[in-house]
>>> print(open('start-v8.tsv').read())   # TSV, C-alpha atoms
chain	number	residue	atom	x	y	z
A	1	ALA	CA	-18.04	-10.56	-16.27
A	2	CYS	CA	-18.96	-6.98	-17.03
A	3	SER	CA	-17.93	-6.79	-20.63
A	4	SER	CA	-18.74	-4.45	-23.43
A	5	SER	CA	-18.30	-5.15	-27.10
A	6	SER	CA	-17.72	-1.48	-27.74
A	7	SER	CA	-16.78	1.62	-25.84
A	8	SER	CA	-20.21	3.12	-26.51
A	9	GLY	CA	-21.95	1.42	-23.60
A	10	GLY	CA	-22.68	-2.02	-25.06
A	11	GLY	CA	-22.31	-3.49	-21.58
A	12	ASP	CA	-25.51	-1.91	-20.23
A	13	GLU	CA	-27.13	-5.33	-19.71
A	14	GLU	CA	-24.08	-6.54	-17.78
A	15	VAL	CA	-24.21	-3.44	-15.60
A	16	ARG	CA	-27.93	-3.96	-14.96
A	17	ARG	CA	-27.33	-7.58	-13.95
A	18	ALA	CA	-24.41	-6.60	-11.69
A	19	ARG	CA	-26.59	-4.04	-9.92
A	20	ALA	CA	-29.41	-6.58	-9.48
A	21	VAL	CA	-27.03	-9.12	-7.94
A	22	ALA	CA	-25.50	-6.44	-5.71
A	23	ALA	CA	-28.93	-5.55	-4.34
A	24	LEU	CA	-29.30	-9.14	-3.09
A	25	ALA	CA	-25.85	-9.48	-1.53
A	26	ASP	CA	-25.27	-8.96	2.18
A	27	PRO	CA	-21.62	-9.05	3.26
A	28	ASP	CA	-22.36	-11.28	6.27
A	29	THR	CA	-25.18	-13.51	5.06
A	30	ALA	CA	-24.75	-13.47	1.31
A	31	PRO	CA	-26.41	-16.39	-0.46
A	32	ALA	CA	-24.44	-19.27	-1.91
A	33	THR	CA	-23.00	-18.59	-5.35
A	34	ILE	CA	-22.09	-20.63	-8.38
A	35	PHE	CA	-18.56	-20.76	-6.96
A	36	ASP	CA	-19.86	-22.73	-3.96
A	37	LYS	CA	-21.23	-25.31	-6.41
A	38	ILE	CA	-17.88	-25.42	-8.20
A	39	LEU	CA	-16.07	-25.87	-4.87
A	40	SER	CA	-18.42	-28.71	-3.89
A	41	ARG	CA	-17.96	-30.23	-7.37
A	42	GLU	CA	-21.71	-29.97	-8.11
A	43	ILE	CA	-20.76	-28.00	-11.22
A	44	PRO	CA	-17.70	-29.07	-13.22
A	45	ALA	CA	-14.84	-26.67	-13.82
A	46	LYS	CA	-11.55	-26.83	-15.69
A	47	VAL	CA	-9.31	-26.57	-12.63
A	48	VAL	CA	-5.78	-25.27	-13.25
A	49	HIS	CA	-4.66	-25.01	-9.61
A	50	GLU	CA	-5.83	-26.13	-6.20
A	51	ASP	CA	-4.26	-25.87	-2.77
A	52	GLU	CA	-5.55	-25.75	0.80
A	53	LYS	CA	-6.62	-22.09	0.49
A	54	CYS	CA	-7.78	-21.52	-3.08
A	55	LEU	CA	-9.07	-22.96	-6.32
A	56	ALA	CA	-8.29	-21.63	-9.80
A	57	PHE	CA	-10.29	-22.57	-12.88
A	58	ARG	CA	-10.95	-21.38	-16.42
A	59	ASP	CA	-13.76	-18.85	-16.85
A	60	VAL	CA	-16.72	-20.27	-18.79
A	61	SER	CA	-17.13	-16.92	-20.55
A	62	PRO	CA	-13.54	-15.92	-21.32
A	63	GLN	CA	-12.76	-12.32	-22.24
A	64	ALA	CA	-9.31	-13.28	-23.61
A	65	PRO	CA	-7.55	-16.48	-24.73
A	66	VAL	CA	-6.52	-16.99	-21.09
A	67	HIS	CA	-9.15	-16.14	-18.48
A	68	ILE	CA	-8.81	-17.90	-15.14
A	69	LEU	CA	-10.58	-17.19	-11.86
A	70	VAL	CA	-8.81	-17.63	-8.52
A	71	ILE	CA	-11.16	-17.96	-5.54
A	72	PRO	CA	-10.75	-18.60	-1.83
A	73	LYS	CA	-12.09	-22.00	-0.79
A	74	GLU	CA	-13.68	-20.49	2.31
A	75	ARG	CA	-15.64	-17.33	1.57
A	76	ASP	CA	-15.86	-16.33	5.27
A	77	GLY	CA	-17.73	-13.11	4.46
A	78	LEU	CA	-15.23	-12.24	1.73
A	79	THR	CA	-17.83	-11.30	-0.84
A	80	GLN	CA	-16.00	-8.18	-2.03
A	81	LEU	CA	-12.47	-6.84	-1.72
A	82	SER	CA	-13.89	-3.71	-0.09
A	83	LYS	CA	-15.41	-5.93	2.64
A	84	ALA	CA	-12.10	-7.65	3.49
A	85	ARG	CA	-11.10	-7.78	7.14
A	86	ASP	CA	-7.61	-7.35	8.58
A	87	ASP	CA	-7.52	-11.04	9.53
A	88	GLN	CA	-7.94	-11.96	5.84
A	89	ALA	CA	-4.73	-10.21	4.73
A	90	ALA	CA	-2.71	-13.44	4.44
A	91	LEU	CA	-5.44	-15.06	2.34
A	92	LEU	CA	-5.61	-12.01	0.07
A	93	GLY	CA	-1.84	-12.15	-0.39
A	94	HIS	CA	-2.05	-15.85	-1.17
A	95	LEU	CA	-4.74	-15.24	-3.82
A	96	LEU	CA	-2.59	-12.57	-5.51
A	97	LEU	CA	0.58	-14.64	-5.33
A	98	THR	CA	-1.25	-17.64	-6.78
A	99	ALA	CA	-2.85	-15.52	-9.52
A	100	GLY	CA	0.55	-14.07	-10.40
A	101	ARG	CA	2.15	-17.49	-10.67
A	102	ILE	CA	-0.68	-18.77	-12.85
A	103	GLY	CA	-0.44	-15.65	-15.02
A	104	ALA	CA	3.31	-16.07	-15.45
A	105	ALA	CA	2.91	-19.73	-16.41
A	106	GLU	CA	-0.04	-19.25	-18.76
A	107	CYS	CA	0.92	-15.88	-20.27
A	108	PRO	CA	4.70	-15.49	-20.59
A	109	GLY	CA	4.21	-12.24	-22.54
A	110	GLY	CA	2.25	-10.63	-19.71
A	111	PHE	CA	-1.18	-10.66	-18.14
A	112	ARG	CA	-3.63	-8.58	-16.12
A	113	LEU	CA	-5.17	-9.26	-12.72
A	114	VAL	CA	-8.65	-7.85	-12.13
A	115	VAL	CA	-10.89	-7.77	-9.06
A	116	ASN	CA	-14.37	-6.42	-9.70
A	117	ASP	CA	-15.97	-4.84	-6.62
A	118	GLY	CA	-19.60	-3.87	-6.25
A	119	PRO	CA	-22.15	-2.81	-8.84
A	120	ASP	CA	-20.08	0.00	-10.37
A	121	GLY	CA	-17.14	-2.41	-10.60
A	122	CYS	CA	-19.43	-4.83	-12.45
A	123	GLN	CA	-19.13	-7.59	-9.85
A	124	SER	CA	-21.59	-10.34	-10.75
A	125	VAL	CA	-20.59	-13.11	-8.28
A	126	TYR	CA	-20.36	-12.14	-4.62
A	127	HIS	CA	-17.54	-14.49	-3.65
A	128	LEU	CA	-14.23	-12.64	-4.01
A	129	HIS	CA	-12.34	-13.74	-7.11
A	130	VAL	CA	-9.27	-12.62	-9.00
A	131	HIS	CA	-9.40	-12.71	-12.79
A	132	VAL	CA	-6.16	-13.69	-14.55
A	133	ILE	CA	-6.51	-12.37	-18.11
A	134	GLY	CA	-4.01	-12.62	-20.95
A	135	GLY	CA	-2.89	-14.46	-24.02
A	136	ARG	CA	-3.24	-11.36	-26.21
A	137	PRO	CA	-2.30	-7.67	-25.98
A	138	LEU	CA	-4.67	-5.97	-23.54
A	139	GLY	CA	-5.79	-2.41	-24.18
A	140	TRP	CA	-5.64	0.51	-21.78
A	141	PRO	CA	-7.64	1.95	-20.23
A	142	PRO	CA	-9.81	-1.08	-19.45
A	143	GLY	CA	-13.59	-0.83	-19.65
>>> encode(input="start-v8.tsv", output="structure tokens")
Amino acid sequence: ACSSSSSSGGGDEEVRRARAVAALADPDTAPATIFDKILSREIPAKVVHEDEKCLAFRDVSPQAPVHILVIPKERDGLTQLSKARDDQAALLGHLLLTAGRIGAAECPGGFRLVVNDGPDGCQSVYHLHVHVIGGRPLGWPPG
């Protein structure tokens, strides 16, 4: 969710918020996130996919016509991609495979997968998630 309306640094507030959230996160004892409330159905979400390992739902603040988040159902310390353990490799593969299938179904012209990691990566929720973004031509470079 680290967006900028221009390339001149309009995302400074997003960066500040990402850094503030990062300061609170601990990879082993990180606090519950909004995704935990979505998983427990305390907060509604527009679910597009669910299986035994992951949940995918539409982002409430979309950055493109299609913007879906794919999250593991069990965080298990997986707050950031950079904190992933070897024993989580199968889950990480499942998240990418699921994100790719959703992207192909929702965006036949192409899509982008994004994983934000840490404050400089503009991560704002410390529960690993894959963004599926598409539905329009996406510029390069991002950010």
>>> residues_near_point(input="start-v8.tsv", point="(-2.4, -17.4, -1.4)", cutoff="12 Å", atoms="only C-alpha atoms", output="VMD selection string")
chain A and resid 49 to 56 70 to 73 88 to 102 130
>>> residues_around(input="start-v8.tsv", residues="stretch 32-47 of chain A", least_positions_apart="6", cutoff="12 Å", atoms="only C-alpha atoms", output="PDB file with C-alpha atoms, in the frame of the given file")
ATOM      1  CA  VAL A  21     -27.030  -9.120  -7.940  1.00  0.00           C
ATOM      2  CA  LEU A  24     -29.300  -9.140  -3.090  1.00  0.00           C
ATOM      3  CA  ALA A  25     -25.850  -9.480  -1.530  1.00  0.00           C
ATOM      4  CA  ASP A  26     -25.270  -8.960   2.180  1.00  0.00           C
ATOM      5  CA  LYS A  53      -6.620 -22.090   0.490  1.00  0.00           C
ATOM      6  CA  CYS A  54      -7.780 -21.520  -3.080  1.00  0.00           C
ATOM      7  CA  LEU A  55      -9.070 -22.960  -6.320  1.00  0.00           C
ATOM      8  CA  ALA A  56      -8.290 -21.630  -9.800  1.00  0.00           C
ATOM      9  CA  PHE A  57     -10.290 -22.570 -12.880  1.00  0.00           C
ATOM     10  CA  ARG A  58     -10.950 -21.380 -16.420  1.00  0.00           C
ATOM     11  CA  ASP A  59     -13.760 -18.850 -16.850  1.00  0.00           C
ATOM     12  CA  VAL A  60     -16.720 -20.270 -18.790  1.00  0.00           C
ATOM     13  CA  HIS A  67      -9.150 -16.140 -18.480  1.00  0.00           C
ATOM     14  CA  ILE A  68      -8.810 -17.900 -15.140  1.00  0.00           C
ATOM     15  CA  LEU A  69     -10.580 -17.190 -11.860  1.00  0.00           C
ATOM     16  CA  VAL A  70      -8.810 -17.630  -8.520  1.00  0.00           C
ATOM     17  CA  ILE A  71     -11.160 -17.960  -5.540  1.00  0.00           C
ATOM     18  CA  PRO A  72     -10.750 -18.600  -1.830  1.00  0.00           C
ATOM     19  CA  LYS A  73     -12.090 -22.000  -0.790  1.00  0.00           C
ATOM     20  CA  GLU A  74     -13.680 -20.490   2.310  1.00  0.00           C
ATOM     21  CA  ARG A  75     -15.640 -17.330   1.570  1.00  0.00           C
ATOM     22  CA  ASP A  76     -15.860 -16.330   5.270  1.00  0.00           C
ATOM     23  CA  GLY A  77     -17.730 -13.110   4.460  1.00  0.00           C
ATOM     24  CA  THR A  79     -17.830 -11.300  -0.840  1.00  0.00           C
ATOM     25  CA  ILE A 102      -0.680 -18.770 -12.850  1.00  0.00           C
ATOM     26  CA  SER A 124     -21.590 -10.340 -10.750  1.00  0.00           C
ATOM     27  CA  VAL A 125     -20.590 -13.110  -8.280  1.00  0.00           C
ATOM     28  CA  TYR A 126     -20.360 -12.140  -4.620  1.00  0.00           C
ATOM     29  CA  HIS A 127     -17.540 -14.490  -3.650  1.00  0.00           C
ATOM     30  CA  LEU A 128     -14.230 -12.640  -4.010  1.00  0.00           C
ATOM     31  CA  HIS A 129     -12.340 -13.740  -7.110  1.00  0.00           C
TER      32      HIS A 129
END
>>> residues_around(input="start-v8.tsv", residues="stretch 107-116 of chain A", least_positions_apart="6", cutoff="7 Å", atoms="all atoms listed in the file", output="PyMOL selection string")
chain A and resi 122-123+129-135
>>> atom_distance(input="start-v8.tsv", atom1="atom CA of A:Glu14", atom2="atom CA of A:Glu106")
27.2 Å
>>> atom_distance(input="start-v8.tsv", atom1="atom CA of A:Val48", atom2="atom CA of A:Asp120")
29.2 Å
>>> closest_residue(input="start-v8.tsv", among="A:Ala105, A:Leu81, A:Asp87, A:Pro137", to="A:Asp117", atoms="only C-alpha atoms")
A:Leu81
>>> axis_aligned_box(input="start-v8.tsv", around="stretch 94-102 of chain A", padding_each_side="5 Å", output="AutoDock Vina command-line options")
--center_x -1.3 --center_y -15.7 --center_z -7.0 --size_x 16.9 --size_y 16.2 --size_z 21.7
>>> build_atoms(input="start-v8.tsv", residues="stretch 69-87 of chain A", atoms="N, CA, C and O atoms", output="PDB file, in the frame of the given file")
ATOM      1  N   LEU A  69     -10.098 -17.774 -13.105  1.00  0.00           N
ATOM      2  CA  LEU A  69     -10.580 -17.190 -11.860  1.00  0.00           C
ATOM      3  C   LEU A  69      -9.900 -17.889 -10.693  1.00  0.00           C
ATOM      4  O   LEU A  69      -9.815 -19.113 -10.665  1.00  0.00           O
ATOM      5  N   VAL A  70      -9.420 -17.106  -9.735  1.00  0.00           N
ATOM      6  CA  VAL A  70      -8.810 -17.630  -8.520  1.00  0.00           C
ATOM      7  C   VAL A  70      -9.710 -17.231  -7.359  1.00  0.00           C
ATOM      8  O   VAL A  70      -9.966 -16.036  -7.155  1.00  0.00           O
ATOM      9  N   ILE A  71     -10.210 -18.229  -6.620  1.00  0.00           N
ATOM     10  CA  ILE A  71     -11.160 -17.960  -5.540  1.00  0.00           C
ATOM     11  C   ILE A  71     -10.684 -18.585  -4.233  1.00  0.00           C
ATOM     12  O   ILE A  71     -10.030 -19.628  -4.242  1.00  0.00           O
ATOM     13  N   PRO A  72     -11.037 -17.954  -3.113  1.00  0.00           N
ATOM     14  CA  PRO A  72     -10.750 -18.600  -1.830  1.00  0.00           C
ATOM     15  C   PRO A  72     -11.710 -19.780  -1.637  1.00  0.00           C
ATOM     16  O   PRO A  72     -12.880 -19.703  -2.028  1.00  0.00           O
ATOM     17  N   LYS A  73     -11.230 -20.848  -1.050  1.00  0.00           N
ATOM     18  CA  LYS A  73     -12.090 -22.000  -0.790  1.00  0.00           C
ATOM     19  C   LYS A  73     -13.130 -21.690   0.278  1.00  0.00           C
ATOM     20  O   LYS A  73     -14.245 -22.188   0.219  1.00  0.00           O
ATOM     21  N   GLU A  74     -12.756 -20.899   1.257  1.00  0.00           N
ATOM     22  CA  GLU A  74     -13.680 -20.490   2.310  1.00  0.00           C
ATOM     23  C   GLU A  74     -14.013 -19.016   2.099  1.00  0.00           C
ATOM     24  O   GLU A  74     -13.132 -18.170   2.198  1.00  0.00           O
ATOM     25  N   ARG A  75     -15.268 -18.721   1.825  1.00  0.00           N
ATOM     26  CA  ARG A  75     -15.640 -17.330   1.570  1.00  0.00           C
ATOM     27  C   ARG A  75     -15.524 -16.495   2.847  1.00  0.00           C
ATOM     28  O   ARG A  75     -15.026 -15.371   2.808  1.00  0.00           O
ATOM     29  N   ASP A  76     -16.007 -16.992   3.977  1.00  0.00           N
ATOM     30  CA  ASP A  76     -15.860 -16.330   5.270  1.00  0.00           C
ATOM     31  C   ASP A  76     -16.198 -14.842   5.221  1.00  0.00           C
ATOM     32  O   ASP A  76     -15.458 -14.001   5.710  1.00  0.00           O
ATOM     33  N   GLY A  77     -17.312 -14.504   4.560  1.00  0.00           N
ATOM     34  CA  GLY A  77     -17.730 -13.110   4.460  1.00  0.00           C
ATOM     35  C   GLY A  77     -16.988 -12.314   3.406  1.00  0.00           C
ATOM     36  O   GLY A  77     -17.268 -11.137   3.206  1.00  0.00           O
ATOM     37  N   LEU A  78     -16.050 -12.940   2.731  1.00  0.00           N
ATOM     38  CA  LEU A  78     -15.230 -12.240   1.730  1.00  0.00           C
ATOM     39  C   LEU A  78     -15.970 -12.230   0.395  1.00  0.00           C
ATOM     40  O   LEU A  78     -15.625 -12.915  -0.550  1.00  0.00           O
ATOM     41  N   THR A  79     -17.014 -11.424   0.368  1.00  0.00           N
ATOM     42  CA  THR A  79     -17.830 -11.300  -0.840  1.00  0.00           C
ATOM     43  C   THR A  79     -17.273 -10.251  -1.792  1.00  0.00           C
ATOM     44  O   THR A  79     -17.492 -10.330  -2.990  1.00  0.00           O
ATOM     45  N   GLN A  80     -16.578  -9.263  -1.248  1.00  0.00           N
ATOM     46  CA  GLN A  80     -16.000  -8.180  -2.030  1.00  0.00           C
ATOM     47  C   GLN A  80     -14.654  -7.802  -1.419  1.00  0.00           C
ATOM     48  O   GLN A  80     -14.473  -7.906  -0.210  1.00  0.00           O
ATOM     49  N   LEU A  81     -13.748  -7.301  -2.240  1.00  0.00           N
ATOM     50  CA  LEU A  81     -12.470  -6.840  -1.720  1.00  0.00           C
ATOM     51  C   LEU A  81     -12.675  -5.714  -0.710  1.00  0.00           C
ATOM     52  O   LEU A  81     -12.011  -5.654   0.317  1.00  0.00           O
ATOM     53  N   SER A  82     -13.632  -4.837  -0.995  1.00  0.00           N
ATOM     54  CA  SER A  82     -13.890  -3.710  -0.090  1.00  0.00           C
ATOM     55  C   SER A  82     -14.455  -4.155   1.256  1.00  0.00           C
ATOM     56  O   SER A  82     -14.484  -3.362   2.193  1.00  0.00           O
ATOM     57  N   LYS A  83     -14.872  -5.397   1.378  1.00  0.00           N
ATOM     58  CA  LYS A  83     -15.410  -5.930   2.640  1.00  0.00           C
ATOM     59  C   LYS A  83     -14.362  -6.750   3.387  1.00  0.00           C
ATOM     60  O   LYS A  83     -14.658  -7.325   4.435  1.00  0.00           O
ATOM     61  N   ALA A  84     -13.143  -6.835   2.867  1.00  0.00           N
ATOM     62  CA  ALA A  84     -12.100  -7.650   3.490  1.00  0.00           C
ATOM     63  C   ALA A  84     -11.768  -7.137   4.888  1.00  0.00           C
ATOM     64  O   ALA A  84     -11.762  -5.936   5.137  1.00  0.00           O
ATOM     65  N   ARG A  85     -11.488  -8.093   5.765  1.00  0.00           N
ATOM     66  CA  ARG A  85     -11.100  -7.780   7.140  1.00  0.00           C
ATOM     67  C   ARG A  85      -9.589  -7.895   7.276  1.00  0.00           C
ATOM     68  O   ARG A  85      -8.930  -8.561   6.479  1.00  0.00           O
ATOM     69  N   ASP A  86      -9.047  -7.286   8.315  1.00  0.00           N
ATOM     70  CA  ASP A  86      -7.610  -7.350   8.580  1.00  0.00           C
ATOM     71  C   ASP A  86      -7.125  -8.791   8.712  1.00  0.00           C
ATOM     72  O   ASP A  86      -6.034  -9.134   8.256  1.00  0.00           O
ATOM     73  N   ASP A  87      -7.945  -9.655   9.335  1.00  0.00           N
ATOM     74  CA  ASP A  87      -7.520 -11.040   9.530  1.00  0.00           C
ATOM     75  C   ASP A  87      -7.516 -11.849   8.235  1.00  0.00           C
ATOM     76  O   ASP A  87      -7.088 -12.998   8.232  1.00  0.00           O
TER      77      ASP A  87
END
